[in-house]
Structures are given as C-alpha cells and as structure tokens.
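S.K.: One structure coming up, written as structure tokens, with questions to follow.
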Amino acid sequence: MTETPTPILTLTKVRKKYRGREALKGISLQLFPGELLGFFGPNGAGKTTMIRCISGLLKPDSGQIRMQGSANSDASGTARLGLVPQNLAVYPDLTVQQNLEVFGRLEGVSGRTLQERIAEVLDWAALKDRTRSLVKTLSGGMQRRLNIACSVLHRPSVLLLDEPTVGVDPQSRERIYTMLDELTAQGAAVLLTTHQLDEVETRCHRIVVIDHGTIVADGKLSELVRQTIGRPHRVFVRFDQPYLKELPAFSFDERRTSAKCAIDSMKELPQVLAVLKQLEHEPSQIDVRSFGLQDVFLELTGRSLRE
Amino acid sequence: MILTILRIMYLRLRNNPLELLLVFVMPVIFFSIFAAIFSNGIATGSDKKLRIGLVCAEPTLVATDLREFLEANSSLQCTSLNDNQNSQSLDDARESYLIQDAQNSGRFDLIIKLPCHVPTDEADDPSTVTLVTDGQNSMAVAMVKSTVNAFFSQKQAQAFAEKFSSLQRGGKDTAQIQNESSSPHDHPDSEIPKPLDDSFFDVPMTPAEAFRESKTGQLMATDEHGVVRAGETEAIVPSRWTLPESVSPDRSSKAEDKDQGGGDLTGDIDDVSILVENPQATSQENPRIAMYAAGIAVLFLLFSATGNAAALLEEEESGTLDRILVSKAGLFHIIGGKWLGIFLLGGVQISVMFLWAEMIFRIQLWKHLDGFAVMTVCTAAATSSFAMLMATLCKSRAQLNAASVVIILSMSAVGGSMIPRFVMSDRMKEIGKWTFNAWALDGYQKVFWYQSPISSLQTEVTVLLGSAFVLGMLALVFSRRWKRG
C-alpha cells in the first residue's frame, strides 16, 4: 500500500484582485516535496501574481496559502521559501562571494555555516572560479546561476522561480535544470514559471496551465493531452490540390488541402497508412507526431493574442 | 534623416512628463524663487528695511529723540528691546542679556546700545553709542553709523544754535559767542578772535527753526537707494549752518571702531563716540566660512541622501527588494537599515566638509565640536528621513531624480544654502522655515557665529529631530506598498 505524500505547499481557492482586475480567481493547487512543477500560461494569466501571493509579497483577498500546515504569513513559513525573481536580483557592484554572503545573512545563515553553504552553492552553480569577480563582469548564464544560488543558501523547502532561464544560452539552461534536478532530488519542491514549452515538457514533473486567473489544466503532459485533445498522437497529410473525396477518420481544413487524424497509439499507425496508400492523389506530405504542450496550450487558451 | 532624429527627440520629450518638468517648469520655479528673494529681500530699492534693535540702560530724553530720529528714516525699522518700552532702568547684566538674546534671535541686523546722556558742554562726561553687530550685514553698520552721526551732529548744532540765539538775545556780539563757544585752551583770553562776517547769518530763520525742520529728513545725504553714505555726514547739516573753521568747536572725539572689518568712522561729534562691537569677531577667525560650509554641506547632503535612497527603487526594479522581503528581513529592517546607512554617510559627509573648512579656513571646529555634533546628527537624521520618504513615494528612480532636483534645489534656494538668509525678506525667511536647510543653517549659525551654548539649539534640534521622526514614520507607512502590492 503506497503512502499518499503530504503536500508541502497548499493553495486553497486563492483570489486576488490586482490593479483593478481579478488576477487570481480561486486558485487551488498542491506542491509536493521533490516535485518540479512547471507553471505555464500566457502573459497576464496570473502566474507572477500567484508567485507573489505564495511568497507573501501580496496578500490574497480570500483563500488560504499554507506551507506544511502553517499559513505563509507565519515567519516559520516564509523562512522555508526561496524566491528567484525574473530579473537579476543581485548586486552587480558586489562580487559573487559578497552577494552570497549578504543574501545568506538576510536568510539568517551566518558564521561557519554560511561559509560552508557558500562553498556548496558555488560548486553547485559552477561559479567556484569566479568567487571574487564582480557580478557585472559575469556572463548572462553565470549571473542567472548566481541569481538562483543566492536563494538556496538557507536550504528552502519550496523554491519559487519566475522565468529563471530567460536570455541564457542552451548550455547554461541545461546547467540550471541540472541544478534544479539536484534540488528536487534532495527533497525540495520547485515551482517555476516559464514560456519555454520544451523546458516544461521535458523537465517538469507536473504542468499547471493557468489562464485568466484560473487553472485550466493540471497534470503530467500525457494526462493533459488526454484531458484536452483526447488522443496523444496525430497523423497529418497535405495535398497539392484539394482532395474532394471522403477520407475515413480524417478531418479536412476548409480548402481541403490538408487533413489530420488523431490516434491513441502507434499501433494504429499501419491502419492509417494503409488508408492513405489507397488515395487517388498521393499526399505531398505525411507527418506523424505526438501532441505536445503547445497543442494542449493552444487548445486550452485559444489563439487570440494576450496583452 | 536629421528630421527623423529630431522627431525622435521631440517624441521622447513629449512622452516624458518628468523631462518636460525639468526642461520647462524648473527654470520658471527657480526664476520665481530668486526673483522673490532679490526683489523683496536684498535692499535694492525695495521695501526691505534694516531691522534695528534699541536698548537703553536709562530711559532718557535723548534715547527717545534718537529713536524718533531713526524711526523717521524710511530705511530703518526700529524696535525697542527694553522691557516695558523704556520705562525702566536696566542693569548691566540685563542689558547684556537683552542684546545677546536679540542677536541670537536673528531678528535684527544691528542693535544700538544708547547712551544714558548726551554731553552738551565741555563739563559733561563723554558718552558712547554702541552698535552691536553679528558681522552678517556690514551695510547695516555703515548706514546706522552715519544716521547716528547725523543725529548727534544735529543735537550738537541745535544746542550750539540755541545757545547762540540766547546769547544774541542777551546782547552779546559774535566775538563773545565765539569766545564762549571755543575751548579755553584753544583760545586763550589774551587772544580775541576776529568777529564773524554778518553775512554768514543772513538767513530768514533762526537755527532752531531750521533744525526742527530737519526732522522731515531733508538733512540726510543719501544715495539713490536711500542709504546714508559713510563719509558724507558733513552734508547732513546744511552748509549755511556750518560754522567757519575759526568758530567751529574743536572738541570732537574720535569714534572707535572695534569691528574686525575696520570700518572708518567719520563724523565729528562732540564727546559722543560710536563704538562698533562684534562679539563674535573677537573670538572667531572665520565664522562666515562655517556658514558657507553648512549651506553647501546641507545641499549636497540632501542630494546624496536621495541618491542613496534611490537604491531602494533600483532594488525594486531589479527584484532584489522582493528577494529581501521574502527573507527574514522585514520592511522595518529594510527601511531602518537604509535610513541608518544614509544617516551615517550624511554625518560623515558633513564632517568631511567641516574638517576641510577647519584645515583651510580655520572655522574653529574643535572649539564648537559639541554644537557641531548635535547639529550634524539632527541634520543628517532629518535629511535621511526626507530621502527615505521621497524614495517610498516615488514609483521609479527617474521620478525620484526629477522630483528631488526640483524639491532640493527649491529648498536650498529658499532655505539659505544658496543665498544667505539674512539678505532675505522676513516673508522669505518665514517660507524658508519649511525647509531643512533653514533650520540646519540657523543651528550651525548659532554654533559657529553666535557661539551659543548647546541649550540654545533646542528649537532647531526639536524641529529637525521631529521632522526626522515624522518623515521616517511616513516612509515606513508608504513602504508598505512593497509588501502588499
């Protein structure tokens, strides 16, 4: 019999009106230890407002936010949080070491413990050889890693990251996710917001899609696809000329130059290909692929521009 | 292409209200401030009057006469410092206290200590009129010196004329009068002077009548600004009444001048000296420099304080403030820490300025260290709170920069950091009291100029620390927007 894990962070019907509009409309969410949760949504969906509510920077109008049973306004609650803002929230005129020292002290870590933790995070963030460098002289990727490192000196049980990989190269992004994986492996819960679909798809254990202040989907990618699209894979065909005859299981576009068909598993693929083989006109393109987060996202949020 | 670049500049200016404010509104504000100071402040033909305090140990007729004489001068505004308006005698201690108190209040450009009597003949003891100055307004000294000279010249001439008249009525000829008017050692009995020419007195009125008319003010030689020019006091008495050299009494005493500036006292007044006293000058080398040091220090303190407080807005923009707020540090710690940092930096900044002034200009910092420390602590505290409030009220660093330039320069102009407060009109001085600069400068003035004890700084300390507390609390209140969005 498997034991149900206890959520480390629980949001219950959180509402928040921000700058004249309802940014959060009764958000309920749970975050578990060791989990990397991707928070995904269009611009203005309410992601940052939710992070600010969780971190205590905004007070919800109603609802409750609890960390391991205690409300986050409690000092013991906030002490377990780490926040990595979207911008570089470090002092560019200080060295790497000095930044780590001041943020460690602000989190209540001092003395020998602080020095040990600094050594650990420098190693963790691959910044050991740049300890004495001024932050403004570091590369963008290094600055991003330091930005995260400054938030983990007190070993938070929940780490909130607001788009941590904006403007970094693939190598640095890979390093950042390796760092986050190591954190979750140690039992910390990580909640990150991002616009990078591939990052969420490949890196996050669970995905939450938020739109207009409401959670519209919550689960693993395969679950989301099943919930929103129904079938996980798709066969897409394109014709040079409009194909006017009927094609079983396929749905055509208006001009009848392309058609698509959703399938449950790759086992169905030979049957679909057999149908395509019997067509009067040979398709100019046949594309088989699995549905991704973008499909789910567009399905859920539509194609209209936001903000 | 040039037009496109020009258009970009125009659009950026049009879309930036703060820049518009700095470009178009700021010069107008400054022009208005300086125009107000110079049109109503400095005596440039305007209604600015020199404020004269009068103190008299004994209420005498001459004191009343001199006061009336001074009051008749449209450039002077006279106030009696005596308790119960001259009705009681003052002992030396009370008199000194009144003078010091009046001087420290900063309400007077000059204080006149009147003599108890005026000698009318050789038998009388000589007397002294003392002009007590704080050295701020040298023009006041020159002007009042001339006016007082004029008064005693009139008095002396009037006395002589009346004596002459009475003698004439008694049947004496001019030789007798001349004889009686001259001192015995100058004109021994054996030497009978030559009688005066009758045409000298060929006038339609008596001297007494003429001098009574003098109270209308026509006797004073003034320049185009209504200021009596030093060295022209002889013009006060109409030339037709000036006695010939041989007849003129030769009993003039030399006026003393103890002012370090060493002003030349003109005017020969019989046995009445005019003494100029500057109590500060006797024990100070360069008190005025201390004032300039304070003025510049406060101005730059305000700028550096707001500059440092702007770091708070930078931290907000970068998200660092959010990170700190999520840490164990609360708003109180953040605002308190920043305030303390700005306060300490401000204290050091003022100290460096005064140390430099001490090294180069000898402002006697060590002698006034206690008062300096008190004023520096209070000034730094008030400016820190002001800077923190500005930072918590402004939404961005750009907004803070624009607002601080406008407010600080205006405060400095009105408060005396740019133009000494003593040249301002009373109204401008009153307006100046809404600024830190004025209170800080008044305090430093008391310390370095008047050399007042620390207890005299009570008002300045109360105002500055009170402002520091109130503004600091307001900053804390307004900073809550960062915590609760």
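So you can find residues: chains in the structure tokens are A, B, ... in the order shown, residues in each start at 1, and ligands are numbered from 1 in order.
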Identify all residues of range 268-336 of chain B in strand (DSSP E) (DSSP on the backbone) and supply them as a PyMOL selection string.

M.R.: chain B and resi 269-270+272-277

S.K.: Once you have the residues from the selection above, write them out as a PDB file, in the first residue's frame, restricted to N, CA and C atoms.

M.R.:
```pdb
ATOM      1  N   ILE B 269      31.660 114.332  16.279  1.00  0.00           N
ATOM      2  CA  ILE B 269      30.575 114.625  17.190  1.00  0.00           C
ATOM      3  C   ILE B 269      31.184 114.903  18.545  1.00  0.00           C
ATOM      4  N   ASP B 270      30.750 115.963  19.105  1.00  0.00           N
ATOM      5  CA  ASP B 270      31.358 116.361  20.371  1.00  0.00           C
ATOM      6  C   ASP B 270      31.135 115.337  21.460  1.00  0.00           C
ATOM      7  N   VAL B 272      30.762 112.409  21.774  1.00  0.00           N
ATOM      8  CA  VAL B 272      29.926 111.207  21.596  1.00  0.00           C
ATOM      9  C   VAL B 272      30.649 110.298  20.615  1.00  0.00           C
ATOM     10  N   SER B 273      31.032 109.139  21.127  1.00  0.00           N
ATOM     11  CA  SER B 273      31.729 108.209  20.236  1.00  0.00           C
ATOM     12  C   SER B 273      30.745 107.142  19.774  1.00  0.00           C
ATOM     13  N   ILE B 274      31.056 106.619  18.627  1.00  0.00           N
ATOM     14  CA  ILE B 274      30.270 105.469  18.162  1.00  0.00           C
ATOM     15  C   ILE B 274      31.196 104.266  18.145  1.00  0.00           C
ATOM     16  N   LEU B 275      30.805 103.291  18.903  1.00  0.00           N
ATOM     17  CA  LEU B 275      31.634 102.094  19.041  1.00  0.00           C
ATOM     18  C   LEU B 275      30.921 100.940  18.336  1.00  0.00           C
ATOM     19  N   VAL B 276      31.636 100.282  17.451  1.00  0.00           N
ATOM     20  CA  VAL B 276      31.038  99.121  16.773  1.00  0.00           C
ATOM     21  C   VAL B 276      31.602  97.864  17.415  1.00  0.00           C
ATOM     22  N   GLU B 277      30.710  97.052  17.895  1.00  0.00           N
ATOM     23  CA  GLU B 277      31.137  95.819  18.579  1.00  0.00           C
ATOM     24  C   GLU B 277      30.636  94.610  17.822  1.00  0.00           C
TER      25      GLU B 277
END
```

S.K.: I want to know what sits within 7 Å of range 195-199 of chain A, based on only C-alpha atoms, with residues of the same chain fewer than 2 positions away left out; could you give that as a list in words?

M.R.: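 Final neighbour list, sorted by chain and number: Phe40, Glu201, Thr202, Arg203, Leu293 and Gln294 of chain A.
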
S.K.: Could you please tell me, as a list in words, which residues of chain B have an atom within 10 Å of chain A when using only C-alpha atoms?

M.R.: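 That gives Glu315, Glu316, Glu317, Ser318, Gly319, Thr320, Leu321, Asp322, Arg323, Ile324, Leu325, Val326, Ser327, Lys328, Ala329, Gly330, Arg481, Trp482, Lys483, Arg484 and Gly485 of chain B for chain B.
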
S.K.: Taking C-alpha atoms for each residue, export the selection above as a tab-separated table (two decimals), in the first residue's frame.

M.R.:
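Wrote it out as out15.tsv, contents follow:
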```
chain	number	residue	atom	x	y	z
B	315	GLU	CA	16.24	47.14	-5.88
B	316	GLU	CA	12.52	47.21	-6.52
B	317	GLU	CA	13.03	47.36	-10.27
B	318	SER	CA	15.57	44.52	-10.25
B	319	GLY	CA	13.52	42.31	-7.94
B	320	THR	CA	16.19	42.38	-5.23
B	321	LEU	CA	13.72	44.06	-2.91
B	322	ASP	CA	11.28	41.17	-3.39
B	323	ARG	CA	14.03	38.72	-2.57
B	324	ILE	CA	14.92	40.64	0.59
B	325	LEU	CA	11.28	40.94	1.60
B	326	VAL	CA	10.87	37.18	1.27
B	327	SER	CA	13.90	36.69	3.50
B	328	LYS	CA	13.87	37.15	7.26
B	329	ALA	CA	14.26	40.91	6.88
B	330	GLY	CA	11.01	42.80	7.22
B	481	ARG	CA	3.13	49.16	-0.86
B	482	TRP	CA	6.13	46.90	-1.48
B	483	LYS	CA	4.92	44.34	0.96
B	484	ARG	CA	1.31	44.19	-0.08
B	485	GLY	CA	1.46	45.31	-3.68
```

S.K.: Of the candidates A:Gln143, A:Ser265, A:Ser28, A:Gln271, which shows the shortest atom-to-atom distance to Arg289 in chain A, using only C-alpha atoms?

M.R.: A:Ser265

S.K.: CA of Arg51 in chain B and CA of Ser75 in chain B are how many Å apart?

M.R.: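 Here the two named atoms are 8.9 Å from each other.
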
S.K.: Within 12 Å of Ile118 in chain A, counting only C-alpha atoms, which residues show up once you throw out same-chain ones fewer than 4 positions away? Write them as JSON, numbers by chain, please.

M.R.: {"A": [96, 97, 98, 99, 100, 101, 102, 103, 104, 105, 109, 110, 111, 112, 113, 114, 122, 123, 124, 125, 126, 127, 128, 131, 146, 149, 150, 151, 152, 153, 154, 155]}

S.K.: Hey, which of A:Met179, A:Leu192, A:Ala185, A:Leu300 ends up closest to Ile229 in chain A? Count only C-alpha atoms.

M.R.: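 Going through A:Met179, A:Leu192, A:Ala185, A:Leu300 one by one, the smallest distance to Ile229 in chain A is for A:Leu300.
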
S.K.: So that I can check the surroundings of range 366-377 of chain B, please list as a PyMOL selection string every protein, DNA and RNA residue that reaches within 10 Å of it, counting only C-alpha atoms and ignoring chain neighbours fewer than 3 positions away.

M.R.: chain B and resi 284+294+297-298+343-344+346-351+354-355+358+362-363+380-382+439-444+446-448+451-457+460-461+464-465

S.K.: Just asking: which residues within range 67-257 of chain A are alpha helix (DSSP H) according to DSSP, as a PyMOL selection string?

M.R.: chain A and resi 75-78+96-106+111-124+140-149+170-185+197-203+221-228

S.K.: Based on the selection just made, write C-alpha atoms of those residues as a short mmCIF file (atom, residue, chain, number, x, y, z; two decimals), in the first residue's frame.

M.R.:
```cif
data_model
loop_
_atom_site.label_atom_id
_atom_site.label_comp_id
_atom_site.auth_asym_id
_atom_site.auth_seq_id
_atom_site.Cartn_x
_atom_site.Cartn_y
_atom_site.Cartn_z
CA ALA A 75 7.66 33.59 9.95
CA SER A 76 8.39 29.90 10.11
CA GLY A 77 6.54 29.54 6.82
CA THR A 78 8.36 32.23 4.94
CA VAL A 96 29.90 36.70 -6.25
CA GLN A 97 31.12 35.88 -2.75
CA GLN A 98 29.83 39.16 -1.30
CA ASN A 99 26.40 38.66 -2.85
CA LEU A 100 26.16 35.18 -1.42
CA GLU A 101 27.24 36.44 1.99
CA VAL A 102 24.67 39.25 2.18
CA PHE A 103 21.78 37.14 0.97
CA GLY A 104 22.79 34.31 3.26
CA ARG A 105 22.81 36.68 6.23
CA LEU A 106 19.42 38.05 5.23
CA GLY A 111 29.32 32.21 10.56
CA ARG A 112 30.89 28.94 9.60
CA THR A 113 27.56 27.53 8.36
CA LEU A 114 27.30 30.38 5.90
CA GLN A 115 30.81 29.83 4.60
CA GLU A 116 30.13 26.10 4.17
CA ARG A 117 26.86 26.79 2.37
CA ILE A 118 28.54 29.35 0.12
CA ALA A 119 31.20 26.80 -0.82
CA GLU A 120 28.45 24.28 -1.56
CA VAL A 121 26.37 26.56 -3.77
CA LEU A 122 29.42 27.88 -5.60
CA ASP A 123 30.20 24.32 -6.53
CA TRP A 124 26.55 23.59 -7.30
CA GLY A 140 24.45 36.20 -18.56
CA GLY A 141 24.36 32.49 -17.75
CA MET A 142 26.64 32.92 -14.73
CA GLN A 143 24.53 35.77 -13.45
CA ARG A 144 21.41 33.63 -13.77
CA ARG A 145 23.05 30.79 -11.86
CA LEU A 146 24.15 33.17 -9.14
CA ASN A 147 20.61 34.55 -9.06
CA ILE A 148 19.38 31.07 -8.18
CA ALA A 149 22.30 30.30 -5.86
CA PRO A 170 21.44 26.28 -24.06
CA GLN A 171 24.47 25.22 -22.00
CA SER A 172 23.59 27.49 -19.12
CA ARG A 173 19.95 26.47 -19.35
CA GLU A 174 20.99 22.83 -19.15
CA ARG A 175 23.15 23.62 -16.13
CA ILE A 176 20.28 25.45 -14.42
CA TYR A 177 17.95 22.47 -14.86
CA THR A 178 20.64 20.16 -13.59
CA MET A 179 20.85 22.38 -10.51
CA LEU A 180 17.08 22.20 -10.07
CA ASP A 181 17.09 18.44 -10.51
CA GLU A 182 19.68 18.20 -7.74
CA LEU A 183 17.49 20.32 -5.52
CA THR A 184 14.41 18.22 -6.07
CA ALA A 185 16.47 15.11 -5.54
CA LEU A 197 7.48 24.89 -23.83
CA ASP A 198 10.28 22.42 -24.38
CA GLU A 199 11.64 23.04 -20.88
CA VAL A 200 8.28 22.36 -19.30
CA GLU A 201 7.65 19.32 -21.46
CA THR A 202 10.99 17.70 -20.86
CA ARG A 203 11.98 18.91 -17.41
CA LEU A 221 1.91 16.08 -20.16
CA SER A 222 0.33 12.81 -21.29
CA GLU A 223 -2.55 13.40 -18.90
CA LEU A 224 -3.05 16.93 -20.20
CA VAL A 225 -3.09 15.73 -23.79
CA ARG A 226 -5.62 13.11 -22.90
CA GLN A 227 -7.71 15.64 -20.98
CA THR A 228 -7.69 18.28 -23.68
#
```

S.K.: One decimal, in Å: what's the spacing between CA of Gly230 in chain A and CA of Pro248 in chain A?

M.R.: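 Taking CA of Gly230 in chain A and CA of Pro248 in chain A, their separation equals 18.1 Å.
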
S.K.: What is the CA of Val55 in chain B-CA of Leu98 in chain B distance in Å, reported with one decimal?

M.R.: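 A separation of 7.8 Å between them.
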
S.K.: I'd like the contact shell of Leu9 in chain A - 6 Å cut-off, only C-alpha atoms, skipping same-chain residues fewer than 2 positions apart - returned as a ChimeraX atom specification.

M.R.: /A:7,30-31,66-67

S.K.: What's the 7 Å shell around Ser251 in chain A, counting only C-alpha atoms, without same-chain residues fewer than 5 positions away, as a PyMOL selection string?

M.R.: chain A and resi 259-261

S.K.: Can you spit out the residues from that selection as a PDB file, in the first residue's frame, using N, CA and C atoms?

M.R.:
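Everything below was put into again-v6.pdb:
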```pdb
ATOM      1  N   ALA A 259      -5.355  17.402 -44.056  1.00  0.00           N
ATOM      2  CA  ALA A 259      -6.264  16.662 -43.169  1.00  0.00           C
ATOM      3  C   ALA A 259      -5.456  16.083 -42.017  1.00  0.00           C
ATOM      4  N   LYS A 260      -6.139  15.892 -40.904  1.00  0.00           N
ATOM      5  CA  LYS A 260      -5.425  15.308 -39.760  1.00  0.00           C
ATOM      6  C   LYS A 260      -6.299  14.282 -39.053  1.00  0.00           C
ATOM      7  N   CYS A 261      -5.585  13.347 -38.380  1.00  0.00           N
ATOM      8  CA  CYS A 261      -6.272  12.267 -37.710  1.00  0.00           C
ATOM      9  C   CYS A 261      -5.566  11.939 -36.405  1.00  0.00           C
TER      10      CYS A 261
END
```
